[in-house]
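Accompanying notes for the structure given below.
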Number of protein chains: 2
Amino acid sequence: MKLYTRKAIEQQDQRQRTAFVNSIWGFKSVSLIGTQSAEGLTNLAIFSQVVHLGASPALVGIIVRPPEAERHTYENMKASGWFTINHISADIVEQAHQTSARYLREESEFNKTGLTAIYSTNVNAPYVAECRLRIGCRYDGEHVITQNNTVLVIGRVEEVWVDETAVDTDGFVDLERIGTLTCSGLDSYHSTQRIARFSYAKPNQPLIKI
Amino acid sequence: MKLYTRKAIEQQDQRQRTAFVNSIWGFKSVSLIGTQSAEGLTNLAIFSQVVHLGASPALVGIIVRPPEAERHTYENMKASGWFTINHISADIVEQAHQTSARYLREESEFNKTGLTAIYSTNVNAPYVAECRLRIGCRYDGEHVITQNNTVLVIGRVEEVWVDETAVDTDGFVDLERIGTLTCSGLDSYHSTQRIARFSYAKPNQPLIKI
(Lines give C-alpha, C1' and ligand atoms only; values in the text may rest on other atoms or scores of the structure.)
Protein backbone atom coordinates (compact mmCIF):
# COMPACT_ATOMS: atom_id res chain seq x y z
CA MET A 1 0.00 0.00 0.00
CA LYS A 2 1.25 3.46 -0.86
CA LEU A 3 0.67 6.42 1.45
CA TYR A 4 -0.44 9.81 0.08
CA THR A 5 -0.23 12.40 2.85
CA ARG A 6 -2.24 15.62 2.78
CA LYS A 7 0.94 17.41 1.81
CA ALA A 8 1.67 15.01 -1.05
CA ILE A 9 -1.89 15.51 -2.36
CA GLU A 10 -1.55 19.29 -2.13
CA GLN A 11 1.70 19.07 -4.09
CA GLN A 12 0.22 17.08 -6.99
CA ASP A 13 -0.32 19.24 -10.04
CA GLN A 14 -3.87 20.54 -10.26
CA ARG A 15 -5.19 18.11 -12.89
CA GLN A 16 -3.61 15.12 -11.19
CA ARG A 17 -5.02 16.13 -7.81
CA THR A 18 -8.48 16.69 -9.25
CA ALA A 19 -8.44 13.24 -10.88
CA PHE A 20 -7.07 11.58 -7.75
CA VAL A 21 -9.42 13.13 -5.20
CA ASN A 22 -12.46 12.67 -7.44
CA SER A 23 -11.57 8.95 -7.68
CA ILE A 24 -11.10 8.02 -4.04
CA TRP A 25 -14.73 8.12 -2.88
CA GLY A 26 -15.63 5.04 -4.88
CA PHE A 27 -18.18 4.65 -7.65
CA LYS A 28 -20.67 7.46 -7.91
CA SER A 29 -24.18 8.08 -9.05
CA VAL A 30 -24.10 9.82 -12.42
CA SER A 31 -27.08 11.53 -14.04
CA LEU A 32 -28.23 14.36 -16.26
CA ILE A 33 -29.82 17.37 -14.61
CA GLY A 34 -32.36 19.18 -16.77
CA THR A 35 -33.36 22.79 -16.07
CA GLN A 36 -34.66 25.87 -17.81
CA SER A 37 -34.23 29.59 -17.33
CA ALA A 38 -37.04 32.07 -16.66
CA GLU A 39 -37.04 32.69 -20.44
CA GLY A 40 -37.52 28.99 -21.15
CA LEU A 41 -33.95 28.27 -22.37
CA THR A 42 -33.21 24.63 -21.61
CA ASN A 43 -30.00 23.34 -20.06
CA LEU A 44 -28.68 19.83 -19.48
CA ALA A 45 -25.61 18.97 -17.41
CA ILE A 46 -23.98 15.81 -16.11
CA PHE A 47 -23.58 15.55 -12.33
CA SER A 48 -21.91 12.96 -10.13
CA GLN A 49 -22.43 14.66 -6.79
CA VAL A 50 -26.00 13.59 -6.05
CA VAL A 51 -26.81 12.11 -2.65
CA HIS A 52 -29.87 10.61 -0.98
CA LEU A 53 -30.96 12.71 2.01
CA GLY A 54 -34.09 10.92 3.14
CA ALA A 55 -37.17 8.95 2.10
CA SER A 56 -39.95 10.66 4.11
CA PRO A 57 -40.11 13.21 2.62
CA ALA A 58 -38.10 12.08 -0.40
CA LEU A 59 -35.14 14.50 -0.53
CA VAL A 60 -31.97 14.71 -2.56
CA GLY A 61 -28.80 16.78 -2.20
CA ILE A 62 -26.76 18.07 -5.15
CA ILE A 63 -23.29 19.58 -4.72
CA VAL A 64 -22.81 22.61 -6.96
CA ARG A 65 -19.50 24.34 -7.66
CA PRO A 66 -18.47 27.68 -6.10
CA PRO A 67 -19.80 31.00 -7.46
CA GLU A 68 -16.62 31.76 -9.44
CA ALA A 69 -17.72 29.06 -11.90
CA GLU A 70 -20.47 29.63 -14.46
CA ARG A 71 -23.33 27.64 -13.13
CA HIS A 72 -26.23 27.58 -15.55
CA THR A 73 -27.87 24.62 -13.85
CA TYR A 74 -27.75 26.23 -10.42
CA GLU A 75 -29.06 29.57 -11.68
CA ASN A 76 -31.92 27.82 -13.45
CA MET A 77 -32.79 25.72 -10.39
CA LYS A 78 -33.18 28.88 -8.34
CA ALA A 79 -34.91 30.96 -11.03
CA SER A 80 -37.47 28.32 -12.01
CA GLY A 81 -37.68 26.41 -8.73
CA TRP A 82 -37.36 23.07 -10.54
CA PHE A 83 -34.94 20.48 -11.92
CA THR A 84 -35.02 16.94 -13.24
CA ILE A 85 -32.61 14.04 -12.68
CA ASN A 86 -32.29 11.51 -15.51
CA HIS A 87 -30.37 8.21 -15.46
CA ILE A 88 -27.67 7.52 -18.02
CA SER A 89 -27.34 4.23 -19.89
CA ALA A 90 -24.63 3.07 -22.31
CA ASP A 91 -26.52 4.14 -25.46
CA ILE A 92 -26.33 7.82 -24.46
CA VAL A 93 -23.10 7.92 -22.45
CA GLU A 94 -21.11 9.92 -25.02
CA GLN A 95 -23.87 12.51 -25.35
CA ALA A 96 -24.15 12.66 -21.56
CA HIS A 97 -20.41 13.29 -21.14
CA GLN A 98 -20.49 15.91 -23.91
CA THR A 99 -22.93 18.02 -21.84
CA SER A 100 -19.96 18.88 -19.59
CA ALA A 101 -18.43 21.05 -22.37
CA ARG A 102 -18.61 24.80 -21.69
CA TYR A 103 -21.45 25.80 -23.94
CA LEU A 104 -22.65 29.38 -23.90
CA ARG A 105 -25.58 30.31 -21.73
CA GLU A 106 -27.84 30.72 -24.80
CA GLU A 107 -26.90 27.30 -26.22
CA SER A 108 -28.95 24.28 -25.14
CA GLU A 109 -27.09 21.03 -24.49
CA PHE A 110 -30.22 19.26 -25.76
CA ASN A 111 -29.65 20.73 -29.24
CA LYS A 112 -25.90 20.33 -29.08
CA THR A 113 -25.93 16.66 -28.09
CA GLY A 114 -29.13 15.51 -29.80
CA LEU A 115 -30.80 14.38 -26.59
CA THR A 116 -34.57 14.95 -26.51
CA ALA A 117 -36.36 17.26 -24.06
CA ILE A 118 -39.81 16.16 -22.94
CA TYR A 119 -42.12 17.64 -20.36
CA SER A 120 -44.57 16.57 -17.73
CA THR A 121 -47.44 18.89 -16.79
CA ASN A 122 -46.37 19.07 -13.14
CA VAL A 123 -42.71 19.97 -13.49
CA ASN A 124 -41.21 23.20 -14.79
CA ALA A 125 -38.02 21.63 -16.20
CA PRO A 126 -37.21 19.35 -19.13
CA TYR A 127 -36.76 15.61 -18.81
CA VAL A 128 -34.56 13.54 -21.13
CA ALA A 129 -36.75 11.27 -23.25
CA GLU A 130 -33.98 8.70 -23.78
CA CYS A 131 -33.67 8.01 -20.02
CA ARG A 132 -35.54 5.16 -18.38
CA LEU A 133 -35.64 6.65 -14.89
CA ARG A 134 -36.46 10.35 -14.48
CA ILE A 135 -37.13 12.33 -11.32
CA GLY A 136 -38.86 15.70 -11.11
CA CYS A 137 -37.68 17.82 -8.15
CA ARG A 138 -38.61 21.13 -6.62
CA TYR A 139 -35.75 23.35 -5.41
CA ASP A 140 -36.09 23.44 -1.62
CA GLY A 141 -33.24 25.56 -0.26
CA GLU A 142 -29.50 25.21 0.07
CA HIS A 143 -26.49 25.26 2.39
CA VAL A 144 -23.22 26.94 1.58
CA ILE A 145 -20.25 24.78 2.52
CA THR A 146 -17.99 27.51 3.82
CA GLN A 147 -14.82 25.38 3.64
CA ASN A 148 -14.75 25.72 -0.17
CA ASN A 149 -17.85 27.73 -1.13
CA THR A 150 -19.59 24.83 -2.81
CA VAL A 151 -23.35 24.71 -2.35
CA LEU A 152 -25.52 21.80 -1.25
CA VAL A 153 -28.83 22.25 -3.07
CA ILE A 154 -31.79 20.41 -1.54
CA GLY A 155 -34.44 18.95 -3.86
CA ARG A 156 -37.85 17.55 -2.98
CA VAL A 157 -39.15 14.75 -5.17
CA GLU A 158 -42.42 15.64 -6.88
CA GLU A 159 -42.62 12.69 -9.27
CA VAL A 160 -40.67 9.71 -10.60
CA TRP A 161 -41.03 8.19 -14.06
CA VAL A 162 -39.57 4.72 -14.35
CA ASP A 163 -39.74 1.78 -16.70
CA GLU A 164 -42.24 -0.39 -14.86
CA THR A 165 -40.26 -3.59 -15.37
CA ALA A 166 -37.54 -2.26 -13.06
CA VAL A 167 -39.64 -1.89 -9.88
CA ASP A 168 -39.88 -4.92 -7.61
CA THR A 169 -42.85 -5.51 -5.29
CA ASP A 170 -40.75 -4.57 -2.23
CA GLY A 171 -40.07 -1.10 -3.71
CA PHE A 172 -36.50 -1.85 -4.80
CA VAL A 173 -35.67 -0.50 -8.26
CA ASP A 174 -33.42 -2.89 -10.19
CA LEU A 175 -31.22 -0.39 -12.00
CA GLU A 176 -29.48 -3.10 -14.02
CA ARG A 177 -32.75 -3.86 -15.79
CA ILE A 178 -32.78 -0.31 -17.19
CA GLY A 179 -29.04 -0.15 -17.85
CA THR A 180 -28.21 2.67 -15.42
CA LEU A 181 -24.45 3.33 -15.34
CA THR A 182 -22.13 4.42 -12.57
CA CYS A 183 -19.01 6.59 -12.86
CA SER A 184 -15.64 7.02 -11.20
CA GLY A 185 -13.25 9.92 -11.17
CA LEU A 186 -14.10 12.65 -13.66
CA ASP A 187 -14.49 10.71 -16.88
CA SER A 188 -14.87 6.95 -16.38
CA TYR A 189 -18.19 5.16 -16.94
CA HIS A 190 -19.05 1.64 -15.87
CA SER A 191 -21.84 -0.89 -16.15
CA THR A 192 -22.58 -3.10 -13.16
CA GLN A 193 -23.20 -6.72 -12.31
CA ARG A 194 -25.12 -7.71 -9.19
CA ILE A 195 -23.20 -9.71 -6.61
CA ALA A 196 -26.02 -10.09 -4.09
CA ARG A 197 -28.82 -8.50 -2.14
CA PHE A 198 -28.62 -9.28 1.55
CA SER A 199 -31.35 -9.43 4.20
CA TYR A 200 -31.69 -6.75 6.88
CA ALA A 201 -28.75 -7.36 9.21
CA LYS A 202 -29.36 -8.29 12.86
CA PRO A 203 -26.82 -9.04 15.58
CA ASN A 204 -25.91 -12.73 15.84
CA GLN A 205 -28.01 -13.78 12.83
CA PRO A 206 -26.51 -14.99 9.57
CA LEU A 207 -27.33 -12.93 6.48
CA ILE A 208 -29.57 -14.40 3.82
CA LYS A 209 -29.20 -13.61 0.12
CA ILE A 210 -32.48 -12.23 -1.21
CA MET B 1 -43.01 4.40 -18.22
CA LYS B 2 -44.90 4.41 -14.94
CA LEU B 3 -45.50 7.62 -12.98
CA TYR B 4 -45.06 7.74 -9.21
CA THR B 5 -46.39 11.04 -7.89
CA ARG B 6 -45.26 12.53 -4.57
CA LYS B 7 -48.59 11.43 -3.13
CA ALA B 8 -48.18 7.86 -4.39
CA ILE B 9 -44.70 7.71 -2.84
CA GLU B 10 -46.00 9.06 0.47
CA GLN B 11 -48.69 6.39 0.44
CA GLN B 12 -46.30 3.48 -0.07
CA ASP B 13 -45.78 1.52 3.13
CA GLN B 14 -42.70 2.63 5.01
CA ARG B 15 -40.38 -0.23 4.00
CA GLN B 16 -41.42 -0.03 0.36
CA ARG B 17 -40.92 3.74 0.27
CA THR B 18 -37.51 3.47 1.93
CA ALA B 19 -36.40 0.87 -0.63
CA PHE B 20 -37.84 2.84 -3.55
CA VAL B 21 -36.43 6.25 -2.67
CA ASN B 22 -33.03 4.84 -1.73
CA SER B 23 -32.91 3.19 -5.19
CA ILE B 24 -33.76 6.10 -7.45
CA TRP B 25 -30.53 8.10 -7.18
CA GLY B 26 -28.54 5.50 -9.08
CA PHE B 27 -25.54 3.48 -7.98
CA LYS B 28 -23.83 4.78 -4.88
CA SER B 29 -20.45 4.82 -3.29
CA VAL B 30 -20.36 2.29 -0.46
CA SER B 31 -17.69 2.10 2.21
CA LEU B 32 -16.92 1.28 5.81
CA ILE B 33 -16.45 4.15 8.23
CA GLY B 34 -14.12 3.40 11.13
CA THR B 35 -14.18 5.46 14.33
CA GLN B 36 -13.41 5.19 18.02
CA SER B 37 -14.82 6.71 21.15
CA ALA B 38 -12.90 8.85 23.64
CA GLU B 39 -12.42 5.61 25.64
CA GLY B 40 -10.90 3.88 22.58
CA LEU B 41 -13.89 1.63 21.79
CA THR B 42 -13.82 0.96 18.04
CA ASN B 43 -16.83 1.16 15.72
CA LEU B 44 -17.30 0.21 12.09
CA ALA B 45 -20.37 1.05 10.00
CA ILE B 46 -21.35 0.80 6.34
CA PHE B 47 -22.33 4.08 4.64
CA SER B 48 -23.64 4.83 1.17
CA GLN B 49 -24.16 8.58 1.58
CA VAL B 50 -20.62 9.78 0.94
CA VAL B 51 -20.06 12.61 -1.54
CA HIS B 52 -17.05 14.42 -3.00
CA LEU B 53 -17.07 18.09 -1.98
CA GLY B 54 -13.83 19.35 -3.50
CA ALA B 55 -10.23 18.53 -4.37
CA SER B 56 -8.35 21.61 -3.08
CA PRO B 57 -8.58 21.13 -0.18
CA ALA B 58 -9.70 17.50 -0.42
CA LEU B 59 -13.08 17.41 1.31
CA VAL B 60 -15.82 14.83 1.72
CA GLY B 61 -19.42 15.02 2.91
CA ILE B 62 -21.18 12.24 4.84
CA ILE B 63 -24.92 12.25 5.44
CA VAL B 64 -25.75 11.07 8.96
CA ARG B 65 -29.20 10.17 10.25
CA PRO B 66 -31.28 12.42 12.54
CA PRO B 67 -30.60 12.60 16.29
CA GLU B 68 -33.50 10.25 17.18
CA ALA B 69 -31.37 7.40 15.84
CA GLU B 70 -28.45 5.90 17.75
CA ARG B 71 -25.44 7.21 15.93
CA HIS B 72 -22.25 5.69 17.28
CA THR B 73 -20.25 6.70 14.22
CA TYR B 74 -21.36 10.32 14.42
CA GLU B 75 -20.75 10.57 18.14
CA ASN B 76 -17.26 9.11 17.71
CA MET B 77 -16.43 11.45 14.80
CA LYS B 78 -17.21 14.43 17.00
CA ALA B 79 -15.63 13.09 20.19
CA SER B 80 -12.36 11.99 18.60
CA GLY B 81 -12.26 14.41 15.66
CA TRP B 82 -11.40 11.59 13.23
CA PHE B 83 -12.82 8.90 10.97
CA THR B 84 -11.62 6.56 8.23
CA ILE B 85 -13.29 5.53 4.95
CA ASN B 86 -12.47 2.06 3.65
CA HIS B 87 -13.48 0.57 0.28
CA ILE B 88 -15.44 -2.67 0.13
CA SER B 89 -14.59 -5.53 -2.23
CA ALA B 90 -16.46 -8.79 -2.86
CA ASP B 91 -14.38 -10.84 -0.40
CA ILE B 92 -15.66 -8.80 2.57
CA VAL B 93 -19.11 -7.72 1.35
CA GLU B 94 -21.06 -9.92 3.79
CA GLN B 95 -19.02 -8.70 6.74
CA ALA B 96 -19.46 -5.13 5.53
CA HIS B 97 -23.26 -5.48 5.29
CA GLN B 98 -23.35 -7.14 8.71
CA THR B 99 -21.92 -3.97 10.31
CA SER B 100 -25.36 -2.38 9.74
CA ALA B 101 -26.86 -4.59 12.48
CA ARG B 102 -27.75 -2.71 15.68
CA TYR B 103 -24.92 -3.73 17.92
CA LEU B 104 -24.69 -2.24 21.38
CA ARG B 105 -22.47 0.78 21.94
CA GLU B 106 -19.92 -1.32 23.82
CA GLU B 107 -19.72 -3.96 21.09
CA SER B 108 -17.20 -3.43 18.28
CA GLU B 109 -18.25 -4.37 14.74
CA PHE B 110 -14.61 -5.31 14.15
CA ASN B 111 -14.93 -8.13 16.69
CA LYS B 112 -18.44 -9.06 15.61
CA THR B 113 -17.63 -9.36 11.89
CA GLY B 114 -14.00 -10.49 12.03
CA LEU B 115 -12.67 -7.50 10.10
CA THR B 116 -9.25 -6.29 11.27
CA ALA B 117 -8.55 -2.86 12.77
CA ILE B 118 -5.18 -1.34 11.93
CA TYR B 119 -3.80 2.08 12.74
CA SER B 120 -1.65 4.76 11.22
CA THR B 121 0.33 7.07 13.50
CA ASN B 122 -1.36 10.20 12.11
CA VAL B 123 -5.03 9.25 12.40
CA ASN B 124 -7.04 8.73 15.58
CA ALA B 125 -9.43 6.14 14.12
CA PRO B 126 -9.13 2.52 13.00
CA TYR B 127 -8.67 1.49 9.38
CA VAL B 128 -9.84 -1.85 7.97
CA ALA B 129 -6.80 -3.95 7.06
CA GLU B 130 -8.72 -5.97 4.43
CA CYS B 131 -9.49 -2.84 2.35
CA ARG B 132 -7.26 -1.79 -0.54
CA LEU B 133 -8.16 1.90 -0.44
CA ARG B 134 -8.37 3.68 2.93
CA ILE B 135 -8.78 7.36 3.68
CA GLY B 136 -8.03 9.08 6.98
CA CYS B 137 -10.19 12.16 7.61
CA ARG B 138 -10.40 14.86 10.23
CA TYR B 139 -13.90 15.98 11.30
CA ASP B 140 -14.25 19.55 10.02
CA GLY B 141 -17.72 20.76 10.97
CA GLU B 142 -21.26 19.99 9.88
CA HIS B 143 -24.52 21.39 8.54
CA VAL B 144 -27.94 20.36 9.82
CA ILE B 145 -30.39 19.78 6.98
CA THR B 146 -33.44 21.27 8.58
CA GLN B 147 -35.89 19.63 6.17
CA ASN B 148 -35.38 16.25 7.88
CA ASN B 149 -32.77 16.80 10.62
CA THR B 150 -30.10 14.75 8.89
CA VAL B 151 -26.57 16.09 9.27
CA LEU B 152 -23.96 16.69 6.58
CA VAL B 153 -20.60 16.02 8.24
CA ILE B 154 -17.59 17.55 6.49
CA GLY B 155 -14.31 15.63 6.49
CA ARG B 156 -10.87 16.84 5.48
CA VAL B 157 -8.55 14.25 3.95
CA GLU B 158 -5.36 13.81 5.98
CA GLU B 159 -4.01 10.72 4.20
CA VAL B 160 -4.88 8.06 1.64
CA TRP B 161 -3.55 4.51 1.60
CA VAL B 162 -4.02 2.76 -1.70
CA ASP B 163 -2.72 -0.29 -3.51
CA GLU B 164 -0.11 1.31 -5.72
CA THR B 165 -1.09 -0.69 -8.80
CA ALA B 166 -4.43 1.16 -8.93
CA VAL B 167 -3.08 4.71 -9.40
CA ASP B 168 -2.45 5.88 -12.97
CA THR B 169 0.12 8.55 -13.83
CA ASP B 170 -2.65 11.12 -14.47
CA GLY B 171 -3.91 10.71 -10.89
CA PHE B 172 -6.94 8.57 -11.80
CA VAL B 173 -7.48 5.65 -9.42
CA ASP B 174 -8.69 2.56 -11.27
CA LEU B 175 -11.10 1.15 -8.71
CA GLU B 176 -11.73 -1.99 -10.73
CA ARG B 177 -8.10 -3.05 -10.20
CA ILE B 178 -8.74 -3.16 -6.44
CA GLY B 179 -12.23 -4.65 -6.70
CA THR B 180 -14.14 -1.74 -5.17
CA LEU B 181 -17.91 -2.40 -5.24
CA THR B 182 -20.87 -0.09 -5.69
CA CYS B 183 -24.33 -0.44 -4.14
CA SER B 184 -27.94 0.37 -4.95
CA GLY B 185 -30.94 0.73 -2.72
CA LEU B 186 -30.39 -0.45 0.84
CA ASP B 187 -28.97 -3.91 0.34
CA SER B 188 -27.76 -4.57 -3.21
CA TYR B 189 -24.04 -4.83 -4.06
CA HIS B 190 -22.52 -4.77 -7.54
CA SER B 191 -19.18 -5.15 -9.25
CA THR B 192 -18.43 -2.94 -12.25
CA GLN B 193 -17.07 -3.18 -15.76
CA ARG B 194 -15.54 -0.17 -17.47
CA ILE B 195 -17.33 1.04 -20.61
CA ALA B 196 -14.98 3.94 -21.40
CA ARG B 197 -13.04 6.93 -20.18
CA PHE B 198 -13.69 10.01 -22.29
CA SER B 199 -11.50 13.05 -22.94
CA TYR B 200 -12.33 16.45 -21.43
CA ALA B 201 -15.38 17.65 -23.37
CA LYS B 202 -15.20 20.83 -25.45
CA PRO B 203 -17.92 22.43 -27.58
CA ASN B 204 -17.92 21.23 -31.19
CA GLN B 205 -15.13 18.69 -30.70
CA PRO B 206 -15.68 14.94 -30.83
CA LEU B 207 -14.87 12.99 -27.67
CA ILE B 208 -11.89 10.67 -27.65
CA LYS B 209 -11.79 7.46 -25.60
CA ILE B 210 -8.78 7.53 -23.31
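Simple scheme: letters A, B, ... for chains in C-alpha coordinates order, numbers from 1 for residues in each chain, numbers from 1 for ligands in the order shown.
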
Could you list, with a cut-off of 6 Å and counting only C-alpha atoms, the residues of chain A near chain B, each shown with its nearest atom pair and the distance in Å rounded to one decimal, rows sorted by chain and ascending number, as CSV?
residue,atom,partner,partner_atom,distance
A:Met1,CA,B:Asp163,CA,4.5
A:Lys2,CA,B:Val162,CA,5.4
A:Leu3,CA,B:Trp161,CA,4.6
A:Tyr4,CA,B:Val160,CA,5.0
A:Thr5,CA,B:Glu159,CA,4.4
A:Arg6,CA,B:Glu158,CA,4.8
A:Gln16,CA,B:Gly171,CA,4.4
A:Thr18,CA,B:Ala55,CA,5.5
A:Ala19,CA,B:Phe172,CA,5.0
A:Phe20,CA,B:Gly171,CA,4.5
A:Val21,CA,B:Ala55,CA,5.5
A:Ser23,CA,B:Val173,CA,5.5
A:Gly26,CA,B:Ser29,CA,5.1
A:Phe27,CA,B:Ser29,CA,4.9
A:Lys28,CA,B:Lys28,CA,5.1
A:Ser29,CA,B:Phe27,CA,4.9
A:Ala55,CA,B:Thr18,CA,5.5
A:Gln98,CA,B:Ala201,CA,5.4
A:Ala101,CA,B:Lys202,CA,4.5
A:Glu158,CA,B:Arg6,CA,4.8
A:Glu159,CA,B:Thr5,CA,4.3
A:Val160,CA,B:Tyr4,CA,5.0
A:Trp161,CA,B:Leu3,CA,4.6
A:Val162,CA,B:Met1,CA,5.2
A:Asp163,CA,B:Met1,CA,4.5
A:Glu164,CA,B:Lys2,CA,5.5
A:Asp170,CA,B:Gln16,CA,5.3
A:Gly171,CA,B:Gln16,CA,4.4
A:Phe172,CA,B:Ala19,CA,5.0
A:Val173,CA,B:Ser23,CA,5.5
A:Thr182,CA,B:Phe27,CA,5.8
A:Asp187,CA,B:Arg197,CA,5.2
A:Ser188,CA,B:Arg197,CA,4.2
A:Tyr189,CA,B:Ile195,CA,5.6
A:His190,CA,B:Arg194,CA,4.3
A:Ser191,CA,B:Gln193,CA,5.3
A:Thr192,CA,B:Thr192,CA,4.3
A:Gln193,CA,B:His190,CA,5.2
A:Arg194,CA,B:His190,CA,4.3
A:Ile195,CA,B:His190,CA,5.1
A:Ala196,CA,B:Tyr189,CA,5.6
A:Arg197,CA,B:Ser188,CA,4.2
A:Phe198,CA,B:Asp187,CA,5.5
A:Ala201,CA,B:Ala101,CA,4.7
A:Lys202,CA,B:Ala101,CA,4.5
A:Pro203,CA,B:Ala101,CA,5.4

Just asking: which residues within segment 83-132 of chain A are strand (DSSP E or B) according to DSSP, as a list in words?
Phe83, Thr84, Ile85, Asn86, His87, Ala117, Ile118, Tyr127 and Val128 of chain A

Please report, as a ChimeraX atom specification, each residue of segment 17-179 of chain A to which DSSP assigns helix (DSSP H, G or I) when run on this structure's backbone.
/A:17-23,72-80,90-98,109-113,164-166,175-178

For the residues selected in the previous step, produce a file with N, CA and C atoms as an mmCIF file, in the first residue's frame.
data_model
loop_
_atom_site.group_PDB
_atom_site.id
_atom_site.type_symbol
_atom_site.label_atom_id
_atom_site.label_comp_id
_atom_site.auth_asym_id
_atom_site.auth_seq_id
_atom_site.Cartn_x
_atom_site.Cartn_y
_atom_site.Cartn_z
ATOM 1 N N ARG A 17 -4.319 16.120 -9.093
ATOM 2 C CA ARG A 17 -5.019 16.134 -7.806
ATOM 3 C C ARG A 17 -6.533 16.010 -8.008
ATOM 4 N N THR A 18 -7.046 16.737 -8.983
ATOM 5 C CA THR A 18 -8.485 16.690 -9.246
ATOM 6 C C THR A 18 -8.912 15.268 -9.618
ATOM 7 N N ALA A 19 -8.125 14.621 -10.484
ATOM 8 C CA ALA A 19 -8.441 13.243 -10.885
ATOM 9 C C ALA A 19 -8.346 12.299 -9.688
ATOM 10 N N PHE A 20 -7.299 12.470 -8.899
ATOM 11 C CA PHE A 20 -7.067 11.576 -7.750
ATOM 12 C C PHE A 20 -8.184 11.717 -6.716
ATOM 13 N N VAL A 21 -8.445 12.940 -6.285
ATOM 14 C CA VAL A 21 -9.415 13.129 -5.195
ATOM 15 C C VAL A 21 -10.827 12.779 -5.661
ATOM 16 N N ASN A 22 -11.149 13.073 -6.927
ATOM 17 C CA ASN A 22 -12.460 12.669 -7.437
ATOM 18 C C ASN A 22 -12.622 11.151 -7.514
ATOM 19 N N SER A 23 -11.504 10.419 -7.563
ATOM 20 C CA SER A 23 -11.573 8.953 -7.679
ATOM 21 C C SER A 23 -11.748 8.231 -6.347
ATOM 22 N N HIS A 72 -24.917 27.434 -14.931
ATOM 23 C CA HIS A 72 -26.234 27.582 -15.551
ATOM 24 C C HIS A 72 -27.290 26.734 -14.839
ATOM 25 N N THR A 73 -26.905 25.517 -14.501
ATOM 26 C CA THR A 73 -27.870 24.622 -13.848
ATOM 27 C C THR A 73 -28.348 25.226 -12.534
ATOM 28 N N TYR A 74 -27.406 25.669 -11.739
ATOM 29 C CA TYR A 74 -27.748 26.230 -10.425
ATOM 30 C C TYR A 74 -28.626 27.475 -10.561
ATOM 31 N N GLU A 75 -28.255 28.351 -11.482
ATOM 32 C CA GLU A 75 -29.057 29.568 -11.682
ATOM 33 C C GLU A 75 -30.481 29.218 -12.117
ATOM 34 N N ASN A 76 -30.588 28.239 -13.001
ATOM 35 C CA ASN A 76 -31.925 27.824 -13.451
ATOM 36 C C ASN A 76 -32.748 27.178 -12.339
ATOM 37 N N MET A 77 -32.077 26.357 -11.508
ATOM 38 C CA MET A 77 -32.786 25.721 -10.388
ATOM 39 C C MET A 77 -33.434 26.780 -9.516
ATOM 40 N N LYS A 78 -32.674 27.834 -9.234
ATOM 41 C CA LYS A 78 -33.183 28.875 -8.339
ATOM 42 C C LYS A 78 -34.227 29.743 -9.031
ATOM 43 N N ALA A 79 -33.984 30.066 -10.324
ATOM 44 C CA ALA A 79 -34.908 30.964 -11.026
ATOM 45 C C ALA A 79 -36.255 30.286 -11.277
ATOM 46 N N SER A 80 -36.219 29.008 -11.649
ATOM 47 C CA SER A 80 -37.474 28.322 -12.011
ATOM 48 C C SER A 80 -38.070 27.571 -10.830
ATOM 49 N N ALA A 90 -25.784 3.122 -21.395
ATOM 50 C CA ALA A 90 -24.635 3.072 -22.315
ATOM 51 C C ALA A 90 -24.938 3.717 -23.667
ATOM 52 N N ASP A 91 -26.188 3.611 -24.131
ATOM 53 C CA ASP A 91 -26.522 4.138 -25.460
ATOM 54 C C ASP A 91 -26.417 5.661 -25.541
ATOM 55 N N ILE A 92 -26.432 6.357 -24.413
ATOM 56 C CA ILE A 92 -26.326 7.824 -24.457
ATOM 57 C C ILE A 92 -25.122 8.354 -23.679
ATOM 58 N N VAL A 93 -24.171 7.485 -23.348
ATOM 59 C CA VAL A 93 -23.101 7.921 -22.446
ATOM 60 C C VAL A 93 -22.202 8.988 -23.082
ATOM 61 N N GLU A 94 -21.951 8.907 -24.378
ATOM 62 C CA GLU A 94 -21.111 9.924 -25.016
ATOM 63 C C GLU A 94 -21.828 11.275 -25.024
ATOM 64 N N GLN A 95 -23.108 11.263 -25.372
ATOM 65 C CA GLN A 95 -23.874 12.513 -25.354
ATOM 66 C C GLN A 95 -23.923 13.094 -23.932
ATOM 67 N N ALA A 96 -24.086 12.206 -22.958
ATOM 68 C CA ALA A 96 -24.153 12.660 -21.564
ATOM 69 C C ALA A 96 -22.836 13.330 -21.162
ATOM 70 N N HIS A 97 -21.709 12.700 -21.506
ATOM 71 C CA HIS A 97 -20.405 13.291 -21.144
ATOM 72 C C HIS A 97 -20.205 14.622 -21.874
ATOM 73 N N GLN A 98 -20.669 14.688 -23.102
ATOM 74 C CA GLN A 98 -20.490 15.906 -23.907
ATOM 75 C C GLN A 98 -21.209 17.115 -23.280
ATOM 76 N N GLU A 109 -27.778 22.320 -24.333
ATOM 77 C CA GLU A 109 -27.095 21.030 -24.493
ATOM 78 C C GLU A 109 -28.004 19.996 -25.139
ATOM 79 N N PHE A 110 -29.318 20.173 -25.045
ATOM 80 C CA PHE A 110 -30.221 19.257 -25.763
ATOM 81 C C PHE A 110 -29.948 19.341 -27.270
ATOM 82 N N ASN A 111 -29.937 20.566 -27.797
ATOM 83 C CA ASN A 111 -29.653 20.732 -29.235
ATOM 84 C C ASN A 111 -28.251 20.254 -29.584
ATOM 85 N N LYS A 112 -27.292 20.605 -28.757
ATOM 86 C CA LYS A 112 -25.897 20.333 -29.081
ATOM 87 C C LYS A 112 -25.582 18.840 -29.055
ATOM 88 N N THR A 113 -26.258 18.080 -28.208
ATOM 89 C CA THR A 113 -25.932 16.656 -28.095
ATOM 90 C C THR A 113 -26.963 15.761 -28.777
ATOM 91 N N GLU A 164 -41.524 0.394 -15.870
ATOM 92 C CA GLU A 164 -42.240 -0.390 -14.861
ATOM 93 C C GLU A 164 -41.559 -1.725 -14.555
ATOM 94 N N THR A 165 -40.907 -2.283 -15.550
ATOM 95 C CA THR A 165 -40.255 -3.589 -15.372
ATOM 96 C C THR A 165 -39.144 -3.550 -14.327
ATOM 97 N N ALA A 166 -38.669 -2.354 -13.974
ATOM 98 C CA ALA A 166 -37.535 -2.258 -13.056
ATOM 99 C C ALA A 166 -37.940 -2.282 -11.588
ATOM 100 N N LEU A 175 -31.808 -1.320 -11.027
ATOM 101 C CA LEU A 175 -31.224 -0.390 -12.000
ATOM 102 C C LEU A 175 -30.524 -1.119 -13.141
ATOM 103 N N GLU A 176 -30.121 -2.355 -12.921
ATOM 104 C CA GLU A 176 -29.477 -3.099 -14.021
ATOM 105 C C GLU A 176 -30.471 -3.415 -15.131
ATOM 106 N N ARG A 177 -31.733 -3.573 -14.765
ATOM 107 C CA ARG A 177 -32.754 -3.864 -15.787
ATOM 108 C C ARG A 177 -32.950 -2.695 -16.746
ATOM 109 N N ILE A 178 -32.637 -1.479 -16.299
ATOM 110 C CA ILE A 178 -32.776 -0.315 -17.186
ATOM 111 C C ILE A 178 -31.419 0.233 -17.623
#

Just checking: using only C-alpha atoms, which residue out of A:Asn43, A:Glu130, A:Trp82, A:Arg138 ends up closest to Arg105 of chain A?
A:Asn43

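Each of B:Ser89, B:Asn124, B:Thr84, B:Ser108 was checked against Ile33 of chain B using only C-alpha atoms; the smallest atom-to-atom distance is that of B:Thr84.
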